[in-house]
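Everything below belongs to query23.tsv, which stores TSV, N, CA, C and O atoms.
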```tsv
chain	number	residue	atom	x	y	z
A	1	MET	N	13.11	-7.75	31.38
A	1	MET	CA	12.66	-8.13	30.06
A	1	MET	C	13.86	-8.68	29.28
A	1	MET	O	14.93	-8.10	29.29
A	2	GLY	N	13.70	-9.81	28.62
A	2	GLY	CA	14.78	-10.44	27.88
A	2	GLY	C	14.96	-9.85	26.49
A	2	GLY	O	14.16	-9.05	26.02
A	3	ASN	N	16.03	-10.22	25.88
A	3	ASN	CA	16.32	-9.78	24.51
A	3	ASN	C	15.51	-10.60	23.52
A	3	ASN	O	15.28	-11.78	23.73
A	4	THR	N	15.10	-9.97	22.43
A	4	THR	CA	14.40	-10.65	21.36
A	4	THR	C	15.30	-10.65	20.14
A	4	THR	O	15.88	-9.63	19.79
A	5	VAL	N	15.42	-11.80	19.51
A	5	VAL	CA	16.25	-11.93	18.32
A	5	VAL	C	15.38	-12.40	17.17
A	5	VAL	O	14.61	-13.35	17.30
A	6	TRP	N	15.50	-11.71	16.04
A	6	TRP	CA	14.81	-12.12	14.82
A	6	TRP	C	15.87	-12.56	13.83
A	6	TRP	O	16.95	-11.98	13.76
A	7	ASN	N	15.56	-13.58	13.07
A	7	ASN	CA	16.46	-13.95	11.99
A	7	ASN	C	15.65	-14.38	10.79
A	7	ASN	O	14.46	-14.64	10.90
A	8	GLY	N	16.29	-14.38	9.65
A	8	GLY	CA	15.60	-14.72	8.42
A	8	GLY	C	16.51	-15.51	7.51
A	8	GLY	O	17.69	-15.71	7.79
A	9	ARG	N	15.96	-15.95	6.42
A	9	ARG	CA	16.71	-16.77	5.48
A	9	ARG	C	16.38	-16.30	4.07
A	9	ARG	O	15.22	-16.08	3.75
A	10	VAL	N	17.41	-16.17	3.25
A	10	VAL	CA	17.22	-15.78	1.86
A	10	VAL	C	17.54	-16.99	1.00
A	10	VAL	O	18.63	-17.53	1.06
A	11	GLU	N	16.57	-17.44	0.22
A	11	GLU	CA	16.77	-18.58	-0.67
A	11	GLU	C	17.02	-18.04	-2.07
A	11	GLU	O	16.10	-17.66	-2.77
A	12	THR	N	18.30	-18.01	-2.45
A	12	THR	CA	18.67	-17.41	-3.74
A	12	THR	C	18.71	-18.43	-4.87
A	12	THR	O	18.86	-18.06	-6.03
A	13	GLN	N	18.60	-19.70	-4.54
A	13	GLN	CA	18.65	-20.80	-5.52
A	13	GLN	C	19.88	-20.70	-6.41
A	13	GLN	O	19.82	-20.87	-7.62
A	14	GLY	N	21.03	-20.38	-5.79
A	14	GLY	CA	22.30	-20.33	-6.50
A	14	GLY	C	22.63	-19.01	-7.18
A	14	GLY	O	23.70	-18.86	-7.73
A	15	ALA	N	21.73	-18.05	-7.15
A	15	ALA	CA	21.98	-16.77	-7.82
A	15	ALA	C	22.82	-15.86	-6.92
A	15	ALA	O	22.60	-15.80	-5.71
A	16	PHE	N	23.83	-15.20	-7.50
A	16	PHE	CA	24.64	-14.22	-6.79
A	16	PHE	C	24.17	-12.83	-7.20
A	16	PHE	O	24.23	-12.48	-8.37
A	17	ALA	N	23.68	-12.05	-6.25
A	17	ALA	CA	23.13	-10.73	-6.56
A	17	ALA	C	22.96	-9.94	-5.27
A	17	ALA	O	23.21	-10.43	-4.19
A	18	SER	N	22.50	-8.70	-5.41
A	18	SER	CA	22.11	-7.87	-4.26
A	18	SER	C	20.59	-7.88	-4.17
A	18	SER	O	19.90	-7.64	-5.16
A	19	TYR	N	20.08	-8.16	-2.99
A	19	TYR	CA	18.64	-8.24	-2.78
A	19	TYR	C	18.20	-7.15	-1.82
A	19	TYR	O	18.73	-7.05	-0.71
A	20	PRO	N	17.23	-6.32	-2.22
A	20	PRO	CA	16.76	-5.28	-1.32
A	20	PRO	C	15.87	-5.87	-0.22
A	20	PRO	O	15.19	-6.87	-0.43
A	21	TYR	N	15.92	-5.24	0.95
A	21	TYR	CA	15.02	-5.63	2.03
A	21	TYR	C	14.73	-4.41	2.89
A	21	TYR	O	15.47	-3.43	2.86
A	22	SER	N	13.66	-4.48	3.62
A	22	SER	CA	13.35	-3.40	4.56
A	22	SER	C	12.75	-4.01	5.83
A	22	SER	O	12.16	-5.09	5.80
A	23	VAL	N	12.96	-3.32	6.93
A	23	VAL	CA	12.44	-3.74	8.22
A	23	VAL	C	11.71	-2.54	8.81
A	23	VAL	O	12.26	-1.44	8.85
A	24	THR	N	10.50	-2.76	9.27
A	24	THR	CA	9.74	-1.70	9.93
A	24	THR	C	9.41	-2.15	11.36
A	24	THR	O	8.88	-3.23	11.56
A	25	VAL	N	9.78	-1.32	12.32
A	25	VAL	CA	9.50	-1.59	13.73
A	25	VAL	C	8.57	-0.51	14.23
A	25	VAL	O	8.80	0.68	14.01
A	26	THR	N	7.50	-0.92	14.90
A	26	THR	CA	6.55	0.03	15.46
A	26	THR	C	6.58	-0.07	16.99
A	26	THR	O	6.39	-1.15	17.54
A	27	MET	N	6.86	1.06	17.64
A	27	MET	CA	6.86	1.11	19.09
A	27	MET	C	6.08	2.34	19.53
A	27	MET	O	6.30	3.43	18.99
A	28	SER	N	5.19	2.15	20.44
A	28	SER	CA	4.36	3.24	20.97
A	28	SER	C	3.68	4.02	19.85
A	28	SER	O	3.59	5.24	19.89
A	29	GLY	N	3.24	3.31	18.82
A	29	GLY	CA	2.53	3.95	17.72
A	29	GLY	C	3.41	4.66	16.70
A	29	GLY	O	2.91	5.24	15.75
A	30	LYS	N	4.72	4.62	16.88
A	30	LYS	CA	5.63	5.29	15.96
A	30	LYS	C	6.39	4.25	15.14
A	30	LYS	O	7.04	3.36	15.71
A	31	ALA	N	6.31	4.35	13.81
A	31	ALA	CA	6.97	3.39	12.93
A	31	ALA	C	8.34	3.89	12.51
A	31	ALA	O	8.51	5.06	12.16
A	32	MET	N	9.32	3.00	12.55
A	32	MET	CA	10.68	3.31	12.10
A	32	MET	C	11.06	2.26	11.06
A	32	MET	O	10.88	1.07	11.29
A	33	THR	N	11.56	2.71	9.91
A	33	THR	CA	11.89	1.80	8.81
A	33	THR	C	13.37	1.89	8.47
A	33	THR	O	13.95	2.96	8.42
A	34	PHE	N	13.96	0.73	8.25
A	34	PHE	CA	15.34	0.61	7.82
A	34	PHE	C	15.34	-0.17	6.51
A	34	PHE	O	14.69	-1.21	6.41
A	35	ALA	N	16.02	0.33	5.49
A	35	ALA	CA	16.08	-0.35	4.20
A	35	ALA	C	17.53	-0.46	3.75
A	35	ALA	O	18.31	0.46	3.92
A	36	SER	N	17.88	-1.63	3.20
A	36	SER	CA	19.23	-1.86	2.75
A	36	SER	C	19.24	-2.96	1.71
A	36	SER	O	18.19	-3.37	1.21
A	37	TYR	N	20.44	-3.45	1.38
A	37	TYR	CA	20.59	-4.55	0.44
A	37	TYR	C	21.41	-5.65	1.09
A	37	TYR	O	22.31	-5.40	1.88
A	38	LEU	N	21.09	-6.88	0.74
A	38	LEU	CA	21.85	-8.03	1.18
A	38	LEU	C	22.60	-8.55	-0.04
A	38	LEU	O	21.99	-8.90	-1.05
A	39	LYS	N	23.92	-8.54	0.01
A	39	LYS	CA	24.75	-8.97	-1.12
A	39	LYS	C	25.10	-10.44	-0.93
A	39	LYS	O	25.77	-10.82	0.03
A	40	VAL	N	24.67	-11.28	-1.86
A	40	VAL	CA	24.93	-12.71	-1.81
A	40	VAL	C	26.04	-13.01	-2.81
A	40	VAL	O	25.91	-12.74	-4.00
A	41	VAL	N	27.17	-13.55	-2.29
A	41	VAL	CA	28.31	-13.87	-3.17
A	41	VAL	C	28.76	-15.30	-2.94
A	41	VAL	O	28.50	-15.89	-1.94
```
Structure translated into structure tokens:
Amino acid sequence: MGNTVWNGRVETQGAFASYPYSVTVTMSGKAMTFASYLKVV
């Protein structure tokens, strides 16, 4: 089985700030969530 890569893009329209985000992965019926901030400078 190969590796899977996800990527995303944040369109801040020139604003410098911290943006919250969360990722939820579900495997075998069990959900795992990771939450953090992306600091745009």
Practice item. Give me the residues within 9 Å of segment 3-17 of chain A as a list in words, counting only C-alpha atoms and dropping any in the same chain fewer than 6 places off. Key: Leu38, Lys39, Val40 and Val41 of chain A
Revision key, fill the gap. Atom pair atom CA of Thr24 of chain A + atom N of Tyr37 of chain A, distance 13.8 Å
Point to revise | Two-atom distance - atom CA of Lys30 of chain A, atom C of Gly2 of chain A (Å) | key: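 One can read the atom CA of Lys30 of chain A to atom C of Gly2 of chain A distance as 20.7 Å.
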Review point. Per DSSP on the backbone, what are the strand (DSSP E or B) residues of chain A, as a ChimeraX atom specification?
Key: /A:18-27,30-39
**Study point:** Contact residues around Val23 of chain A with only N, CA, C and O atoms at 5 Å, ignoring same-chain residues under 4 positions, as a ChimeraX atom specification
**Key:** /A:32-35
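The coordinates place atom N of Ser36 of chain A at 7.2 Å from atom O of Ser22 of chain A.
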Can segment 9-20 of chain A be brought up to all heavy atoms and written out as a PDB file, keeping the file's coordinate frame?
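Wrote out.pdb, looks like this:
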```pdb
ATOM      1  N   ARG A   9      15.960 -15.950   6.420  1.00  0.00           N
ATOM      2  CA  ARG A   9      16.710 -16.770   5.480  1.00  0.00           C
ATOM      3  C   ARG A   9      16.380 -16.300   4.070  1.00  0.00           C
ATOM      4  O   ARG A   9      15.220 -16.080   3.750  1.00  0.00           O
ATOM      5  CB  ARG A   9      16.297 -18.208   5.680  1.00  0.00           C
ATOM      6  CG  ARG A   9      16.992 -19.195   4.847  1.00  0.00           C
ATOM      7  CD  ARG A   9      16.607 -20.559   5.365  1.00  0.00           C
ATOM      8  NE  ARG A   9      16.739 -21.559   4.346  1.00  0.00           N
ATOM      9  CZ  ARG A   9      16.668 -22.834   4.579  1.00  0.00           C
ATOM     10  NH1 ARG A   9      16.424 -23.253   5.803  1.00  0.00           N
ATOM     11  NH2 ARG A   9      16.805 -23.698   3.623  1.00  0.00           N
ATOM     12  N   VAL A  10      17.410 -16.170   3.250  1.00  0.00           N
ATOM     13  CA  VAL A  10      17.220 -15.780   1.860  1.00  0.00           C
ATOM     14  C   VAL A  10      17.540 -16.990   1.000  1.00  0.00           C
ATOM     15  O   VAL A  10      18.630 -17.530   1.060  1.00  0.00           O
ATOM     16  CB  VAL A  10      18.147 -14.604   1.458  1.00  0.00           C
ATOM     17  CG1 VAL A  10      18.013 -14.289  -0.019  1.00  0.00           C
ATOM     18  CG2 VAL A  10      17.843 -13.386   2.309  1.00  0.00           C
ATOM     19  N   GLU A  11      16.570 -17.440   0.220  1.00  0.00           N
ATOM     20  CA  GLU A  11      16.770 -18.580  -0.670  1.00  0.00           C
ATOM     21  C   GLU A  11      17.020 -18.040  -2.070  1.00  0.00           C
ATOM     22  O   GLU A  11      16.100 -17.660  -2.770  1.00  0.00           O
ATOM     23  CB  GLU A  11      15.541 -19.478  -0.632  1.00  0.00           C
ATOM     24  CG  GLU A  11      15.204 -19.910   0.777  1.00  0.00           C
ATOM     25  CD  GLU A  11      14.995 -21.393   0.926  1.00  0.00           C
ATOM     26  OE1 GLU A  11      15.137 -22.129  -0.062  1.00  0.00           O
ATOM     27  OE2 GLU A  11      14.682 -21.803   2.040  1.00  0.00           O
ATOM     28  N   THR A  12      18.300 -18.010  -2.450  1.00  0.00           N
ATOM     29  CA  THR A  12      18.670 -17.410  -3.740  1.00  0.00           C
ATOM     30  C   THR A  12      18.710 -18.430  -4.870  1.00  0.00           C
ATOM     31  O   THR A  12      18.860 -18.060  -6.030  1.00  0.00           O
ATOM     32  CB  THR A  12      20.051 -16.753  -3.642  1.00  0.00           C
ATOM     33  OG1 THR A  12      21.020 -17.772  -3.393  1.00  0.00           O
ATOM     34  CG2 THR A  12      20.089 -15.709  -2.552  1.00  0.00           C
ATOM     35  N   GLN A  13      18.600 -19.700  -4.540  1.00  0.00           N
ATOM     36  CA  GLN A  13      18.650 -20.800  -5.520  1.00  0.00           C
ATOM     37  C   GLN A  13      19.880 -20.700  -6.410  1.00  0.00           C
ATOM     38  O   GLN A  13      19.820 -20.870  -7.620  1.00  0.00           O
ATOM     39  CB  GLN A  13      17.354 -20.827  -6.346  1.00  0.00           C
ATOM     40  CG  GLN A  13      16.152 -21.045  -5.468  1.00  0.00           C
ATOM     41  CD  GLN A  13      14.826 -20.986  -6.188  1.00  0.00           C
ATOM     42  OE1 GLN A  13      14.752 -20.573  -7.332  1.00  0.00           O
ATOM     43  NE2 GLN A  13      13.780 -21.388  -5.518  1.00  0.00           N
ATOM     44  N   GLY A  14      21.030 -20.380  -5.790  1.00  0.00           N
ATOM     45  CA  GLY A  14      22.300 -20.330  -6.500  1.00  0.00           C
ATOM     46  C   GLY A  14      22.630 -19.010  -7.180  1.00  0.00           C
ATOM     47  O   GLY A  14      23.700 -18.860  -7.730  1.00  0.00           O
ATOM     48  N   ALA A  15      21.730 -18.050  -7.150  1.00  0.00           N
ATOM     49  CA  ALA A  15      21.980 -16.770  -7.820  1.00  0.00           C
ATOM     50  C   ALA A  15      22.820 -15.860  -6.920  1.00  0.00           C
ATOM     51  O   ALA A  15      22.600 -15.800  -5.710  1.00  0.00           O
ATOM     52  CB  ALA A  15      20.666 -16.075  -8.143  1.00  0.00           C
ATOM     53  N   PHE A  16      23.830 -15.200  -7.500  1.00  0.00           N
ATOM     54  CA  PHE A  16      24.640 -14.220  -6.790  1.00  0.00           C
ATOM     55  C   PHE A  16      24.170 -12.830  -7.200  1.00  0.00           C
ATOM     56  O   PHE A  16      24.230 -12.480  -8.370  1.00  0.00           O
ATOM     57  CB  PHE A  16      26.127 -14.398  -7.146  1.00  0.00           C
ATOM     58  CG  PHE A  16      26.652 -15.765  -6.791  1.00  0.00           C
ATOM     59  CD1 PHE A  16      27.086 -16.626  -7.777  1.00  0.00           C
ATOM     60  CD2 PHE A  16      26.704 -16.164  -5.472  1.00  0.00           C
ATOM     61  CE1 PHE A  16      27.579 -17.891  -7.437  1.00  0.00           C
ATOM     62  CE2 PHE A  16      27.200 -17.423  -5.129  1.00  0.00           C
ATOM     63  CZ  PHE A  16      27.625 -18.281  -6.128  1.00  0.00           C
ATOM     64  N   ALA A  17      23.680 -12.050  -6.250  1.00  0.00           N
ATOM     65  CA  ALA A  17      23.130 -10.730  -6.560  1.00  0.00           C
ATOM     66  C   ALA A  17      22.960  -9.940  -5.270  1.00  0.00           C
ATOM     67  O   ALA A  17      23.210 -10.430  -4.190  1.00  0.00           O
ATOM     68  CB  ALA A  17      21.787 -10.865  -7.279  1.00  0.00           C
ATOM     69  N   SER A  18      22.500  -8.700  -5.410  1.00  0.00           N
ATOM     70  CA  SER A  18      22.110  -7.870  -4.260  1.00  0.00           C
ATOM     71  C   SER A  18      20.590  -7.880  -4.170  1.00  0.00           C
ATOM     72  O   SER A  18      19.900  -7.640  -5.160  1.00  0.00           O
ATOM     73  CB  SER A  18      22.613  -6.439  -4.434  1.00  0.00           C
ATOM     74  OG  SER A  18      24.020  -6.408  -4.331  1.00  0.00           O
ATOM     75  N   TYR A  19      20.080  -8.160  -2.990  1.00  0.00           N
ATOM     76  CA  TYR A  19      18.640  -8.240  -2.780  1.00  0.00           C
ATOM     77  C   TYR A  19      18.200  -7.150  -1.820  1.00  0.00           C
ATOM     78  O   TYR A  19      18.730  -7.050  -0.710  1.00  0.00           O
ATOM     79  CB  TYR A  19      18.268  -9.611  -2.209  1.00  0.00           C
ATOM     80  CG  TYR A  19      18.594 -10.743  -3.151  1.00  0.00           C
ATOM     81  CD1 TYR A  19      19.823 -11.385  -3.093  1.00  0.00           C
ATOM     82  CD2 TYR A  19      17.683 -11.138  -4.116  1.00  0.00           C
ATOM     83  CE1 TYR A  19      20.127 -12.418  -3.963  1.00  0.00           C
ATOM     84  CE2 TYR A  19      17.981 -12.170  -4.993  1.00  0.00           C
ATOM     85  CZ  TYR A  19      19.203 -12.804  -4.907  1.00  0.00           C
ATOM     86  OH  TYR A  19      19.515 -13.813  -5.780  1.00  0.00           O
ATOM     87  N   PRO A  20      17.230  -6.320  -2.220  1.00  0.00           N
ATOM     88  CA  PRO A  20      16.760  -5.280  -1.320  1.00  0.00           C
ATOM     89  C   PRO A  20      15.870  -5.870  -0.220  1.00  0.00           C
ATOM     90  O   PRO A  20      15.190  -6.870  -0.430  1.00  0.00           O
ATOM     91  CB  PRO A  20      15.957  -4.353  -2.232  1.00  0.00           C
ATOM     92  CG  PRO A  20      15.490  -5.244  -3.342  1.00  0.00           C
ATOM     93  CD  PRO A  20      16.554  -6.279  -3.517  1.00  0.00           C
TER      94      PRO A  20
END
```
